[in-house]
Structures are given as C-alpha cells and as structure tokens.
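**Student:** Pasting model.txt here (compact mmCIF, C-alpha atoms):
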```
# COMPACT_ATOMS: atom_id res chain seq x y z
CA MET A 1 -6.64 -18.98 15.77
CA THR A 2 -9.12 -18.79 12.87
CA ASP A 3 -8.29 -19.24 9.20
CA ARG A 4 -8.43 -15.47 8.86
CA PHE A 5 -5.41 -15.13 11.11
CA ALA A 6 -3.63 -18.25 9.89
CA PRO A 7 0.17 -17.83 9.96
CA VAL A 8 2.22 -16.98 6.87
CA PRO A 9 5.78 -18.38 6.86
CA GLY A 10 8.21 -15.55 7.40
CA LEU A 11 5.60 -13.40 9.13
CA ASP A 12 3.86 -15.63 11.65
CA GLY A 13 6.80 -15.41 14.07
CA GLU A 14 7.47 -11.73 13.26
CA LEU A 15 10.47 -10.19 11.54
CA ARG A 16 12.42 -7.96 13.90
CA SER A 17 14.84 -5.07 13.66
CA GLY A 18 15.70 -3.75 17.10
CA GLU A 19 12.49 -2.82 18.90
CA LEU A 20 10.48 -2.79 15.66
CA GLY A 21 8.74 -5.88 14.31
CA VAL A 22 6.56 -6.57 11.30
CA ARG A 23 3.90 -9.27 11.02
CA LEU A 24 0.31 -9.89 10.07
CA ALA A 25 -2.48 -9.02 12.48
CA ARG A 26 -3.22 -11.94 14.79
CA SER A 27 -6.56 -10.85 16.25
CA ASP A 28 -9.58 -8.64 15.74
CA GLU A 29 -8.16 -6.31 18.38
CA GLU A 30 -5.05 -5.73 16.27
CA VAL A 31 -7.19 -5.04 13.20
CA LEU A 32 -9.09 -2.46 15.25
CA ALA A 33 -5.77 -0.88 16.23
CA SER A 34 -4.78 -0.59 12.57
CA GLN A 35 -8.13 1.03 11.79
CA ARG A 36 -7.63 3.55 14.61
CA LEU A 37 -4.19 4.39 13.24
CA ARG A 38 -5.66 4.87 9.79
CA TYR A 39 -8.29 7.22 11.21
CA GLN A 40 -5.65 9.21 13.05
CA VAL A 41 -3.55 9.67 9.91
CA PHE A 42 -6.19 10.02 7.20
CA TYR A 43 -8.89 11.95 9.07
CA ASP A 44 -7.22 13.76 11.96
CA GLU A 45 -4.01 14.70 10.12
CA MET A 46 -4.98 14.77 6.45
CA ALA A 47 -8.51 16.15 6.86
CA ALA A 48 -10.36 13.33 5.14
CA LYS A 49 -14.13 13.34 5.65
CA PRO A 50 -15.33 10.44 7.83
CA THR A 51 -18.76 8.90 7.73
CA PRO A 52 -20.77 9.40 10.92
CA GLU A 53 -20.07 5.78 11.87
CA MET A 54 -16.33 6.27 11.41
CA ALA A 55 -16.33 9.49 13.41
CA ALA A 56 -18.25 7.87 16.25
CA SER A 57 -15.84 4.93 16.47
CA GLY A 58 -12.61 6.76 15.63
CA ARG A 59 -11.79 4.10 13.05
CA ASP A 60 -11.36 3.97 9.27
CA PHE A 61 -13.06 0.83 7.96
CA ASP A 62 -14.87 -0.68 5.00
CA ALA A 63 -16.13 -4.03 3.69
CA TYR A 64 -12.64 -5.22 2.71
CA ASP A 65 -11.19 -5.13 6.22
CA PRO A 66 -12.78 -8.41 7.39
CA VAL A 67 -11.45 -10.40 4.41
CA CYS A 68 -7.96 -9.00 3.75
CA ASP A 69 -4.62 -9.37 5.53
CA HIS A 70 -3.39 -6.49 7.69
CA LEU A 71 0.38 -6.05 7.81
CA LEU A 72 1.48 -4.36 11.03
CA VAL A 73 4.61 -2.66 12.29
CA ILE A 74 4.90 -3.16 16.05
CA ASP A 75 6.95 -0.91 18.33
CA HIS A 76 7.74 -3.24 21.21
CA THR A 77 8.59 -0.35 23.51
CA ARG A 78 4.84 0.41 23.40
CA GLY A 79 3.71 -3.18 23.72
CA ASP A 80 3.58 -6.50 21.92
CA GLY A 81 -0.06 -6.37 20.81
CA PRO A 82 -2.59 -3.77 19.66
CA GLU A 83 -1.00 -1.02 21.77
CA GLY A 84 2.24 -1.42 19.81
CA VAL A 85 0.81 -0.87 16.30
CA VAL A 86 2.61 2.08 14.65
CA GLY A 87 2.32 1.18 10.96
CA THR A 88 -0.04 -0.74 8.72
CA TYR A 89 -0.64 -1.86 5.14
CA ARG A 90 -3.75 -3.57 3.80
CA LEU A 91 -3.10 -6.56 1.52
CA ILE A 92 -5.88 -7.88 -0.73
CA ARG A 93 -5.38 -11.00 -2.85
CA ARG A 94 -7.74 -12.25 -5.56
CA SER A 95 -9.54 -14.64 -3.23
CA ALA A 96 -10.34 -11.83 -0.78
CA ALA A 97 -11.37 -9.42 -3.55
CA ALA A 98 -13.73 -12.03 -4.98
CA THR A 99 -15.77 -12.01 -1.77
CA GLN A 100 -16.50 -8.31 -2.34
CA GLY A 101 -17.17 -8.49 -6.06
CA GLY A 102 -13.76 -7.16 -7.08
CA PHE A 103 -10.77 -5.13 -5.96
CA TYR A 104 -11.05 -1.81 -4.12
CA SER A 105 -9.25 0.03 -6.96
CA ALA A 106 -12.00 -0.90 -9.42
CA ALA A 107 -14.10 1.93 -7.97
CA GLU A 108 -11.61 4.36 -9.55
CA TYR A 109 -9.88 2.46 -12.37
CA ASP A 110 -10.54 -0.05 -15.09
CA ILE A 111 -8.12 -2.73 -13.87
CA SER A 112 -9.38 -5.53 -16.11
CA ALA A 113 -5.86 -6.17 -17.45
CA LEU A 114 -4.68 -6.83 -13.90
CA GLU A 115 -7.75 -8.83 -12.93
CA HIS A 116 -7.14 -11.19 -15.85
CA TYR A 117 -3.40 -11.43 -15.40
CA PRO A 118 -2.51 -15.16 -15.30
CA GLY A 119 -0.19 -14.91 -12.28
CA GLU A 120 -1.01 -13.98 -8.69
CA VAL A 121 -1.69 -10.29 -8.05
CA LEU A 122 -1.88 -8.27 -4.84
CA GLU A 123 -3.65 -5.00 -4.15
CA LEU A 124 -1.91 -2.73 -1.64
CA GLY A 125 -3.72 0.03 0.18
CA ARG A 126 -4.42 2.01 3.34
CA SER A 127 -0.71 2.47 4.03
CA CYS A 128 0.07 4.69 6.99
CA VAL A 129 2.61 5.16 9.78
CA ASP A 130 2.31 6.90 13.12
CA GLU A 131 3.82 10.39 12.94
CA ALA A 132 6.53 9.61 15.51
CA HIS A 133 7.69 6.61 13.46
CA ARG A 134 7.98 8.08 9.97
CA SER A 135 11.58 7.12 9.52
CA ARG A 136 13.75 4.99 7.30
CA PRO A 137 13.88 2.01 9.74
CA THR A 138 10.09 1.84 9.89
CA MET A 139 9.72 1.88 6.12
CA GLN A 140 12.50 -0.66 5.68
CA ILE A 141 10.89 -3.18 7.99
CA LEU A 142 7.47 -2.55 6.45
CA TRP A 143 8.91 -3.41 3.04
CA ARG A 144 10.60 -6.49 4.48
CA GLY A 145 7.15 -7.64 5.54
CA ILE A 146 5.69 -7.00 2.10
CA ALA A 147 8.60 -8.87 0.52
CA ALA A 148 8.01 -11.91 2.75
CA TYR A 149 4.32 -11.89 1.87
CA VAL A 150 5.05 -11.55 -1.86
CA PHE A 151 7.55 -14.39 -1.71
CA HIS A 152 5.23 -16.71 0.21
CA TYR A 153 2.24 -16.24 -2.10
CA ASN A 154 4.31 -16.01 -5.30
CA ILE A 155 2.85 -12.58 -6.10
CA GLU A 156 3.86 -11.43 -9.58
CA ILE A 157 2.24 -7.99 -9.68
CA MET A 158 1.35 -5.52 -6.94
CA PHE A 159 -0.94 -2.59 -7.58
CA GLY A 160 -3.08 -0.04 -5.82
CA CYS A 161 -4.14 3.57 -5.61
CA ALA A 162 -1.44 5.88 -4.26
CA SER A 163 -2.21 9.44 -3.25
CA LEU A 164 -0.87 12.90 -3.86
CA PRO A 165 -2.00 15.40 -1.20
CA GLY A 166 -4.75 17.81 -2.18
CA THR A 167 -7.37 17.97 -4.92
CA ASP A 168 -6.14 21.02 -6.93
CA LEU A 169 -5.02 19.56 -10.25
CA ASN A 170 -3.28 22.77 -11.27
CA ALA A 171 -1.12 22.63 -8.14
CA LEU A 172 -0.30 18.99 -8.92
CA ALA A 173 0.41 19.56 -12.62
CA GLU A 174 4.17 18.94 -12.33
CA PRO A 175 4.12 15.59 -10.51
CA LEU A 176 1.18 14.30 -12.53
CA ALA A 177 2.79 15.24 -15.83
CA TYR A 178 6.11 13.76 -14.73
CA LEU A 179 4.44 10.44 -13.86
CA TYR A 180 2.58 10.41 -17.18
CA HIS A 181 5.57 11.21 -19.37
CA HIS A 182 8.19 9.11 -17.54
CA HIS A 183 6.40 6.23 -15.82
CA LEU A 184 3.27 5.32 -17.78
CA ALA A 185 2.57 1.58 -17.62
CA PRO A 186 2.89 -0.53 -20.77
CA PRO A 187 -0.44 -0.95 -22.58
CA ALA A 188 -0.80 -4.63 -21.65
CA LEU A 189 -0.94 -3.77 -17.93
CA ARG A 190 -2.18 -0.18 -17.99
CA PRO A 191 -5.21 0.71 -15.84
CA ARG A 192 -7.26 3.70 -16.91
CA ALA A 193 -9.33 5.90 -14.66
CA ILE A 194 -13.02 5.20 -15.18
CA ALA A 195 -14.67 7.70 -17.51
CA ASP A 196 -16.67 9.71 -14.99
CA ARG A 197 -13.66 10.14 -12.69
CA PHE A 198 -10.88 10.55 -15.28
CA ALA A 199 -8.57 13.57 -14.88
CA ALA A 200 -5.85 14.03 -17.48
CA MET A 201 -2.30 13.79 -16.15
CA ASP A 202 -0.42 15.29 -19.12
CA LEU A 203 -1.02 18.82 -17.87
CA ARG A 204 2.42 19.99 -18.98
CA PRO A 205 4.55 19.00 -21.98
CA ALA A 206 7.43 16.65 -21.26
CA ASP A 207 10.09 19.13 -22.36
CA SER A 208 8.91 21.69 -19.79
CA LEU A 209 9.64 19.41 -16.82
CA ASN A 210 12.69 19.06 -14.63
CA PRO A 211 12.56 15.30 -13.93
CA LYS A 212 14.85 15.41 -10.89
CA HIS A 213 12.85 18.21 -9.28
CA ALA A 214 9.54 16.53 -10.09
CA PHE A 215 10.65 13.18 -8.67
CA ALA A 216 11.95 14.81 -5.48
CA GLY A 217 8.55 16.36 -4.87
CA LEU A 218 6.62 13.10 -5.01
CA PRO A 219 5.25 11.50 -1.81
CA PRO A 220 7.71 8.97 -0.33
CA LEU A 221 5.42 6.01 -1.01
CA ILE A 222 5.16 6.76 -4.73
CA LYS A 223 8.92 7.31 -4.93
CA GLY A 224 9.40 3.92 -3.30
CA TYR A 225 7.21 2.23 -5.90
CA LEU A 226 9.05 3.93 -8.74
CA ARG A 227 12.43 2.86 -7.36
CA LEU A 228 11.17 -0.71 -7.62
CA GLY A 229 10.46 -0.14 -11.30
CA GLY A 230 6.82 0.80 -10.83
CA PHE A 231 4.49 2.32 -13.41
CA VAL A 232 1.29 4.36 -13.24
CA GLY A 233 -2.02 4.03 -15.03
CA ASP A 234 -3.55 6.61 -17.32
CA GLY A 235 -5.58 9.26 -15.57
CA ALA A 236 -5.71 10.65 -12.05
CA VAL A 237 -8.76 10.48 -9.79
CA VAL A 238 -9.75 13.24 -7.38
CA ASP A 239 -10.86 11.73 -4.06
CA ASP A 240 -12.80 14.41 -2.22
CA GLN A 241 -13.45 12.19 0.81
CA PHE A 242 -9.75 11.68 1.47
CA ASN A 243 -8.66 15.14 0.22
CA THR A 244 -6.22 13.52 -2.22
CA THR A 245 -5.59 12.96 -5.91
CA ASP A 246 -4.97 9.30 -6.69
CA VAL A 247 -2.87 7.53 -9.28
CA CYS A 248 -2.90 3.80 -9.90
CA VAL A 249 0.53 2.26 -9.38
CA ILE A 250 1.65 -1.12 -10.75
CA VAL A 251 4.82 -2.92 -9.67
CA LYS A 252 6.11 -6.17 -11.11
CA THR A 253 7.69 -7.98 -8.19
CA ASP A 254 10.81 -9.28 -9.99
CA LEU A 255 13.07 -6.81 -8.20
CA ILE A 256 11.58 -7.62 -4.80
CA THR A 257 11.80 -11.38 -5.17
CA ALA A 258 15.30 -11.25 -6.64
CA LYS A 259 16.52 -9.18 -3.70
CA TYR A 260 14.76 -11.06 -0.92
CA SER A 261 14.19 -14.64 -2.07
CA SER A 262 17.54 -15.99 -0.91
CA HIS A 263 17.17 -14.07 2.36
CA TYR A 264 13.74 -15.47 3.11
CA THR A 265 14.47 -19.05 2.15
CA ARG A 266 17.30 -18.85 4.68
CA THR A 267 15.38 -17.12 7.48
CA VAL A 268 11.77 -18.20 7.12
CA ASN A 269 12.21 -21.07 9.59
CA ASP A 270 14.13 -18.88 12.04
CA ALA A 271 11.43 -16.20 12.19
CA VAL A 272 9.36 -18.11 14.73
CA ASP A 273 12.18 -18.24 17.26
CA GLY A 274 13.59 -14.75 17.09
CA PRO A 275 14.56 -11.77 14.95
CA ALA A 276 15.34 -12.48 11.34
CA ALA A 277 18.95 -12.22 10.29
```
Would you write the structure of this file as structure tokens?

**Tutor:**
Amino acid sequence: MTDRFAPVPGLDGELRSGELGVRLARSDEEVLASQRLRYQVFYDEMAAKPTPEMAASGRDFDAYDPVCDHLLVIDHTRGDGPEGVVGTYRLIRRSAAATQGGFYSAAEYDISALEHYPGEVLELGRSCVDEAHRSRPTMQILWRGIAAYVFHYNIEIMFGCASLPGTDLNALAEPLAYLYHHHLAPPALRPRAIADRFAAMDLRPADSLNPKHAFAGLPPLIKGYLRLGGFVGDGAVVDDQFNTTDVCVIVKTDLITAKYSSHYTRTVNDAVDGPAA
C-alpha cells in the first residue's frame, strides 16, 4: 500500500451498515471505478459535456484525482472492491491542493479567506451516487464517512461548489435568492464569485419569497449542508460544461464533530474488525 492509500483510523477497516460500507479508496482500480460513476452521473444522466479524452475512457477525471482522497460507498451485494462502488465524494485537504497550485473552487470563487483560515480546511466535491442507491441509508453512511474523516484530521471548515441543475438564472431565481437572503456566509469567511464569472443571486426581494417552499426545492446535497448550519458565498457561477449553476457552500464542522466525536472515539479501533456500532 502506498502513502496515497494509507489508512485513516475509522475508515481503513470500513464503516458498515448492513450491506453498505463506506471507506477511502484502497487502489487505483477503485479510483477508476469512482471516476466511471462520476461520468455516468454527470455526463450520461445530467448531460455535462465531456472532453474527448473523458468520452473515450468513460471517466470523469482531472489533475486533482491523483492527489486527493476518494471516499467510497460500497454495496457488498455487488462486490467488495471496484465493482461495488455506488457512491463517491472527493476530499481535498490543503496539502493536496498545494500540489496543484490551489483548491479546485478557486477557478470559480475568491476563497482567500478560507485559504488563510488558521485551522484545517477540507474541500468537498464530485459527490454522486448511483441512481439505484439514492436513498436515505446511502446518504447516511456517506456522511458517517465524512464525519470520521473530519474527526481524524481535525477539520474545522468544509467548503466546495454545490450545484443547482440547469443554467437558466431566471428559472433558478427563487432558490438563489433564498440562499442569498437567508444563508449568506459571514464576511470573515465569505467567498465571492470571481469577477468574470459572477452572477447575482439576489434576483428577488426577500419579502417576495416563501422560505419553506424555496428550501424544499433545493437539491438534497445543498439542503444537507444547510441543515448542518452551512452558508453560501456571494454570487453564483454558471458552469456550461456541467450544465449546472454553482454556489459555494461553507460548513463549520462544530455540529459534525459534536455529534460524532464520542461515537468515533469509541468505535475507531473496532472498525478494522467489523461493522461500526
């Protein structure tokens, strides 16, 4: 096993819930499986535009993949290795971002406040789940994996670009305005879309919105971040390649660590031998 696939306590032995498990990728073959899943979801289902190299290989990939950690959900009814991968999340810490000259999100947002934050930060991205596994149990175990990773590396802030489907800003006026008026990050942490990609989010006045209706219409991933106390940066970014409109989400991990720290200090040593309690 190379340093790249070195074990992380709490994830090296896999966390289990029934036939589902969550752990970090252990081999290049499992990374390739995660890239194939990403291609299936982003390009085949969501009509993103692949490069010729991506289309030829049937994989979504970029320069960050060789240096980041890949969190995987494994369906053991399909297999215990690459064939079992049904969910994935890409995790980029400062040390990995430094090898590429910065974080992935910096192509869309000024994240200098996060880059200079004194505590450990983690960029989340490329989240996707196989269509047959888009259920509460899959998302729960995926978040258990993220929580174990956050606890192990003492991550204080998570951030990343999260997507709304489509590129028509008028059609997305309600959710964008809701996020701006109700969940804008405090100035000390607030990313801002870079000038040549900035799209205003305050497309409707706050008093014209129905907050409950607007929240219900958000993608599940963004709702999950908000339930953890997440914020968004200023400005949306239209991503024509992925056929999405992105917002930058920031989550302080206090709620995650408070909920899971006692659980993981109790189970981290048991994870190697069997399912976590």

**Student:** Work out how far apart atom CA of A:Gly58 and atom CA of A:Arg78 are and give it in Å to one decimal.

**Tutor:**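 Separation of atom CA of A:Gly58 and atom CA of A:Arg78: 20.1 Å.
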
**Student:** So that I can check the surroundings of A:Met201, please list as a VMD selection string every protein, DNA and RNA residue that reaches within 8 Å of it, counting all atoms listed in the file and ignoring chain neighbours fewer than 2 positions away.

**Tutor:** chain A and resid 173 176 to 177 179 to 180 199 203 234 to 236

**Student:** Would you write out, as JSON lines, a table of all residues in stretch 23-52 of chain A that have an atom no more than 9 Å from an atom of stretch 118-131 of chain A, listing for each the closest atom pair and the distance in Å to one decimal, considering all atoms listed in the file and ordering rows by chain and rising residue number?

**Tutor:**
```
{"residue": "A:Leu37", "atom": "CA", "partner": "A:Asp130", "partner_atom": "CA", "distance": 7.0}
{"residue": "A:Arg38", "atom": "CA", "partner": "A:Cys128", "partner_atom": "CA", "distance": 6.4}
{"residue": "A:Gln40", "atom": "CA", "partner": "A:Asp130", "partner_atom": "CA", "distance": 8.3}
{"residue": "A:Val41", "atom": "CA", "partner": "A:Cys128", "partner_atom": "CA", "distance": 6.8}
{"residue": "A:Phe42", "atom": "CA", "partner": "A:Cys128", "partner_atom": "CA", "distance": 8.2}
```

**Student:** Build an axis-aligned box that encloses every atom of stretch 165-183 of chain A listed in the file, pad it by 3 Å on each side, and report its centre and edge lengths in Å to one decimal, as JSON.

**Tutor:**
```
{"center_x": 0.4, "center_y": 14.5, "center_z": -10.3, "size_x": 21.6, "size_y": 22.5, "size_z": 24.2}
```

**Student:** Considering all atoms listed in the file, return as a VMD selection string whatever protein or nucleic-acid residues lie within 7 Å of stretch 17-34 of chain A, sequence-local ones (same chain, fewer than 6 positions apart) excluded.

**Tutor:** chain A and resid 5 11 69 to 77 81 to 82 85 88 141 to 142 145 275

**Student:** Could you check the closest approach to A:Ala206 for each of A:Met46, A:Ala56, A:Glu174, A:Arg192 and tell me which residue wins, using all atoms listed in the file?

**Tutor:**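 Ranked by minimum distance to A:Ala206, first place goes to A:Glu174.
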
**Student:** Contacts of A:Ala214 at 8 Å or less, counting all atoms listed in the file, minus same-chain residues fewer than 5 places along, as an MDAnalysis selection string?

**Tutor:** chainID A and resid 174:175 178 209

**Student:** Atom CA of A:Leu91 and atom CA of A:Ala188 are how many Å apart?

**Tutor:**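 Taking atom CA of A:Leu91 as the start and atom CA of A:Ala188 as the end point, the length is 23.4 Å.
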
**Student:** Atom CA of A:Cys68 and atom CA of A:Asp196 are how many Å apart?

**Tutor:** 27.9 Å

**Student:** Can you find the residues with an atom no farther than 12 Å from (7.4, -0.2, -12.6), counting only C-alpha atoms, and report them as a PDB file with C-alpha atoms, in the coordinates of the input?

**Tutor:**
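Contents of result21.pdb, freshly written:
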```
ATOM      1  CA  ILE A 157       2.240  -7.990  -9.680  1.00  0.00           C
ATOM      2  CA  MET A 158       1.350  -5.520  -6.940  1.00  0.00           C
ATOM      3  CA  PHE A 159      -0.940  -2.590  -7.580  1.00  0.00           C
ATOM      4  CA  LEU A 179       4.440  10.440 -13.860  1.00  0.00           C
ATOM      5  CA  HIS A 182       8.190   9.110 -17.540  1.00  0.00           C
ATOM      6  CA  HIS A 183       6.400   6.230 -15.820  1.00  0.00           C
ATOM      7  CA  LEU A 184       3.270   5.320 -17.780  1.00  0.00           C
ATOM      8  CA  ALA A 185       2.570   1.580 -17.620  1.00  0.00           C
ATOM      9  CA  PRO A 186       2.890  -0.530 -20.770  1.00  0.00           C
ATOM     10  CA  LEU A 189      -0.940  -3.770 -17.930  1.00  0.00           C
ATOM     11  CA  ARG A 190      -2.180  -0.180 -17.990  1.00  0.00           C
ATOM     12  CA  ILE A 222       5.160   6.760  -4.730  1.00  0.00           C
ATOM     13  CA  LYS A 223       8.920   7.310  -4.930  1.00  0.00           C
ATOM     14  CA  GLY A 224       9.400   3.920  -3.300  1.00  0.00           C
ATOM     15  CA  TYR A 225       7.210   2.230  -5.900  1.00  0.00           C
ATOM     16  CA  LEU A 226       9.050   3.930  -8.740  1.00  0.00           C
ATOM     17  CA  ARG A 227      12.430   2.860  -7.360  1.00  0.00           C
ATOM     18  CA  LEU A 228      11.170  -0.710  -7.620  1.00  0.00           C
ATOM     19  CA  GLY A 229      10.460  -0.140 -11.300  1.00  0.00           C
ATOM     20  CA  GLY A 230       6.820   0.800 -10.830  1.00  0.00           C
ATOM     21  CA  PHE A 231       4.490   2.320 -13.410  1.00  0.00           C
ATOM     22  CA  VAL A 232       1.290   4.360 -13.240  1.00  0.00           C
ATOM     23  CA  GLY A 233      -2.020   4.030 -15.030  1.00  0.00           C
ATOM     24  CA  CYS A 248      -2.900   3.800  -9.900  1.00  0.00           C
ATOM     25  CA  VAL A 249       0.530   2.260  -9.380  1.00  0.00           C
ATOM     26  CA  ILE A 250       1.650  -1.120 -10.750  1.00  0.00           C
ATOM     27  CA  VAL A 251       4.820  -2.920  -9.670  1.00  0.00           C
ATOM     28  CA  LYS A 252       6.110  -6.170 -11.110  1.00  0.00           C
ATOM     29  CA  THR A 253       7.690  -7.980  -8.190  1.00  0.00           C
ATOM     30  CA  ASP A 254      10.810  -9.280  -9.990  1.00  0.00           C
ATOM     31  CA  LEU A 255      13.070  -6.810  -8.200  1.00  0.00           C
ATOM     32  CA  ILE A 256      11.580  -7.620  -4.800  1.00  0.00           C
TER      33      ILE A 256
END
```

**Student:** Considering only C-alpha atoms, can you say which of A:Ala132, A:Ala106, A:Ala148, A:Ala55 comes closest to A:Glu14?

**Tutor:** A:Ala148

**Student:** Could you check which of A:Phe103, A:Gly87, A:Asp60, A:Val238 is closest to A:Pro137, using all atoms listed in the file?

**Tutor:**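 Closest candidate: A:Gly87.
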
**Student:** Calculated over all atoms listed in the file, which of the candidates A:Ala195, A:Asn243, A:Pro220, A:Asn210 has the smallest distance to A:Tyr109?

**Tutor:**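 Residue with the minimum atom-to-atom distance to A:Tyr109: A:Ala195.
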
**Student:** Extract, using all atoms listed in the file, all DNA, RNA and protein residues at most 6 Å from A:Arg59, discarding same-chain residues fewer than 5 positions from it, and format them as a PyMOL selection string.

**Tutor:** chain A and resi 35-36+39+54
